[in-house]
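Structure, as structure tokens:
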Amino acid sequence: MDLMELIFFSLGTAVALYYGVRLLLFFRMFFPKLCFPLSKTFFTSMGEWAVVTGGSEGIGRAYAFALAERGMNVVIMSRTKATLDQVAKEIGETTGQKVKVIVTDFSDENVFSEIEEQLKDLNIGILVNNVGMLPSFIPCEFLEYKELDKTITKVINCNVKTTVKMCKMILPGMENRRKGMIVNVSSGIASIPFPLYTLYAASKVFVERFSQGLQAEYKDKGILIQAVAPFGVSTRMAGYQQTNAVTLSPEDFVNSSLQYLRAGGKTYGSICHIVLGWLLQSIPLKVLHADSVLQGLQDYVKKKTIQKDLVSASRMTNGKLF
Ligand SMILES: NC(=O)c1ccc[n+]([C@@H]2O[C@H](COP(=O)([O-])OP(=O)(O)OC[C@H]3O[C@@H](n4cnc5c(N)ncnc54)[C@H](OP(=O)(O)O)[C@@H]3O)[C@@H](O)[C@H]2O)c1
């Protein structure tokens, strides 16, 4: 073998090895129970209480239910007391666990000392930083947001500051007890620069980098920290889209994502969203950012808004809390 042959052979072997290992790591995601097993007492071993921000609806409500079903008492927080009370009643009746509600608006300034006061006596083992908001339901360019200054403050407060402040509040107790789990809900669209969702996607990139950095700092202290980045989940934020192979119900998404808690600093939380994330990152940005694609996205969401308004109206007419 001459030198050139040796170089090409070594290069080929290195490339095959690299992709082989990546493929192997990818295939582990198909078998979360086998590859990232959790003991039966995993959740309760973290502590007595789980705290879920934005816990009265959608993904947060599903986390609160799932954690109570796994033996945790839960604290749920959102702006609407009636919905919180209803969910607390349902969780209590279904699981027998204690539920505490805190009414707060995370888009406001200075809400955290009051929350800290209410949480100070609890042994908190799990924190789910779930609350998040879109600057506008219809995707649009940055300068087109209504009341731009107010919107920027609200989105940053809700999506970024709340995550950081809740970690600052709850992490010291976990550090002292040398155990705990923090789940920070990001979004699949943070995987690429996402025009028309720029502010929202960038706020979720912050959530991911913050989680991954924090995990590296605290993993030796027995604390697991993970960013969970779903794509479509049928909730109010997503216009209650019909569930299918890609758009999951909040309950299905959460039950799946809990199986990936030991899968590292970031997960898409379900196998279909893992595949979607991989596909999205494989498509050239030139294609994804093409005018026709963005226009199609905007038209699609506009159509969904009409559907969302109809669903909300019908729920209000039926007097249902969701
Ligand atoms: N659904 C999806 O397809 C999807 C995809 C990717 C990522 N996510 C992320 O998943 C998380 C949950 O989203 P979701 O779809 O479950 O949303 P959702 O159905 O709209 O529920 C949001 C929850 O947060 C509460 N909330 C909203 N704004 C709040 C505020 N300013 N202060 C306090 N509580 C507030 C809501 O209750 P009140 O309105 O009563 O306050 C509700 O309990 C978010 O971080 C979102 O970015 C969702």
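Residue names in the structure tokens use chain letters A, B, ... in the order shown, residue numbers from 1 in each chain, and ligand numbers from 1 in the order shown.
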
What do you get as a compact mmCIF listing (two decimals) with C-alpha atoms, in the first residue's frame if you pick all residues at most 7 Å from ligand 1, counting only C-alpha atoms and all ligand atoms?
# COMPACT_ATOMS: atom_id res chain seq x y z
CA THR A 53 -44.64 26.16 35.67
CA GLY A 54 -47.56 26.63 33.27
CA GLY A 55 -49.06 23.53 34.84
CA SER A 56 -52.75 24.14 34.28
CA GLU A 57 -52.96 23.25 30.59
CA GLY A 58 -51.28 21.47 27.73
CA ILE A 59 -47.83 19.98 28.23
CA GLY A 60 -47.45 21.39 31.77
CA ARG A 61 -50.74 19.87 32.90
CA MET A 77 -48.48 27.55 38.51
CA SER A 78 -50.25 29.68 35.94
CA ARG A 79 -52.30 32.87 35.65
CA THR A 80 -55.81 31.43 35.93
CA THR A 83 -58.23 26.36 35.86
CA THR A 104 -48.74 34.10 38.96
CA ASP A 105 -47.99 35.80 35.66
CA PHE A 106 -44.44 34.97 34.57
CA SER A 107 -44.46 37.68 31.92
CA ASN A 130 -42.56 24.43 31.09
CA VAL A 131 -44.14 27.86 30.81
CA GLY A 132 -43.55 29.55 27.48
CA MET A 133 -45.30 31.89 25.11
CA LEU A 134 -45.28 32.80 21.44
CA CYS A 158 -41.70 34.14 30.34
CA ASN A 159 -39.41 31.98 28.21
CA VAL A 185 -39.03 22.82 27.93
CA SER A 186 -37.52 24.17 24.73
CA SER A 187 -38.87 23.67 21.21
CA GLY A 188 -37.93 21.64 18.15
CA ALA A 229 -37.61 20.12 22.64
CA PRO A 230 -40.96 19.00 21.23
CA PHE A 231 -42.28 19.76 17.78
CA GLY A 232 -46.07 19.48 17.45
CA VAL A 233 -48.11 18.84 20.59
CA SER A 234 -51.85 19.42 20.41
CA THR A 235 -52.38 22.27 22.88
CA ARG A 236 -53.82 25.78 22.93
CA MET A 237 -50.43 27.16 21.83
CA ALA A 238 -50.45 24.83 18.81

Quick one: everything within 10 Å of Lys179 in chain A, counting only C-alpha atoms, minus sequence neighbours fewer than 2 positions away in the same chain. Send it as number ranges by chain.
-> A: 45-47, 124-126, 171, 173-177, 181, 218-224

What does the distance between CA of Ala82 in chain A and CA of Ile102 in chain A come to in Å, to one decimal place?
->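 Separation between CA of Ala82 in chain A and CA of Ile102 in chain A: 11.4 Å.
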
For Phe26 in chain A, please output as JSON, numbers by chain all residues within 12 Å (counting only C-alpha atoms; exclusion window: fewer than 4 positions along the same chain).
-> {"A": [19, 20, 21, 22, 30, 31, 32, 35, 263, 267, 271, 274, 275, 277, 278]}

Per DSSP on the backbone, filter range 61-193 of chain A down to the residues in strand (DSSP E or B) and report them as a list in words.
->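 DSSP on the backbone gives strand (DSSP E or B) at Asn73, Val74, Val75, Ile76, Met77, Ser78, Val99, Lys100, Val101, Ile102, Val103, Ile124, Gly125, Ile126, Leu127, Val128, Asn129, Gly180, Met181, Ile182, Val183, Asn184 and Val185 of chain A.
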
In Å, with one decimal, what is the gap from CA of Ala290 in chain A to CA of Phe194 in chain A?
->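 The value is 11.5 Å.
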
Non-local contacts of range 63-66 of chain A (10 Å; only C-alpha atoms; under 6 positions in same chain excluded) as a ChimeraX atom specification | /A:50-57,72-76,87-88,90-92,94-95,97,99,128,130,250-251,253-255,257-258

Which neighbours of range 297-304 of chain A fall inside 10 Å, counting only C-alpha atoms, when residues of the same chain fewer than 4 positions from it are skipped, and could you give them as a PyMOL selection string?
-> chain A and resi 137-140+196+238-241+291-293+308-310

Just to be explicit: take each residue in the selection above, keep C-alpha atoms, and write the result as a tab-separated table (two decimals), in the first residue's frame.
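What ended up in selection_37.tsv:
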chain	number	residue	atom	x	y	z
A	137	PHE	CA	-49.87	33.09	17.19
A	138	ILE	CA	-49.56	33.96	13.50
A	139	PRO	CA	-45.86	33.75	12.54
A	140	CYS	CA	-44.57	37.11	11.37
A	196	LEU	CA	-41.11	34.22	11.38
A	238	ALA	CA	-50.45	24.83	18.81
A	239	GLY	CA	-54.07	25.57	17.88
A	240	TYR	CA	-55.33	22.19	19.14
A	241	GLN	CA	-54.14	20.50	15.96
A	291	ASP	CA	-40.08	32.77	0.45
A	292	SER	CA	-42.55	30.13	-0.80
A	293	VAL	CA	-41.88	27.89	2.23
A	308	LYS	CA	-58.27	27.16	17.22
A	309	ASP	CA	-60.84	29.93	17.68
A	310	LEU	CA	-63.63	27.49	16.84

Looking at A:Ala190, A:Leu261, A:Lys266, A:Met166, which one is nearest to Ser211 in chain A, with distances taken over only C-alpha atoms?
->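 Using only C-alpha atoms, the shortest distance to Ser211 in chain A belongs to A:Lys266.
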
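Put simply, CA of Glu48 in chain A is 26.3 Å away from CA of Val160 in chain A.
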
Smallest atom-to-atom distance to Met169 in chain A: which of A:Gln215, A:Asn129, A:Thr13, A:Asn157, using only C-alpha atoms?
-> A:Asn129

Where does DSSP see helix (DSSP H, G or I) in range 141-259 of chain A, if you list the residues as a PyMOL selection string?
-> chain A and resi 142-144+148-177+188-191+198-221+250-259
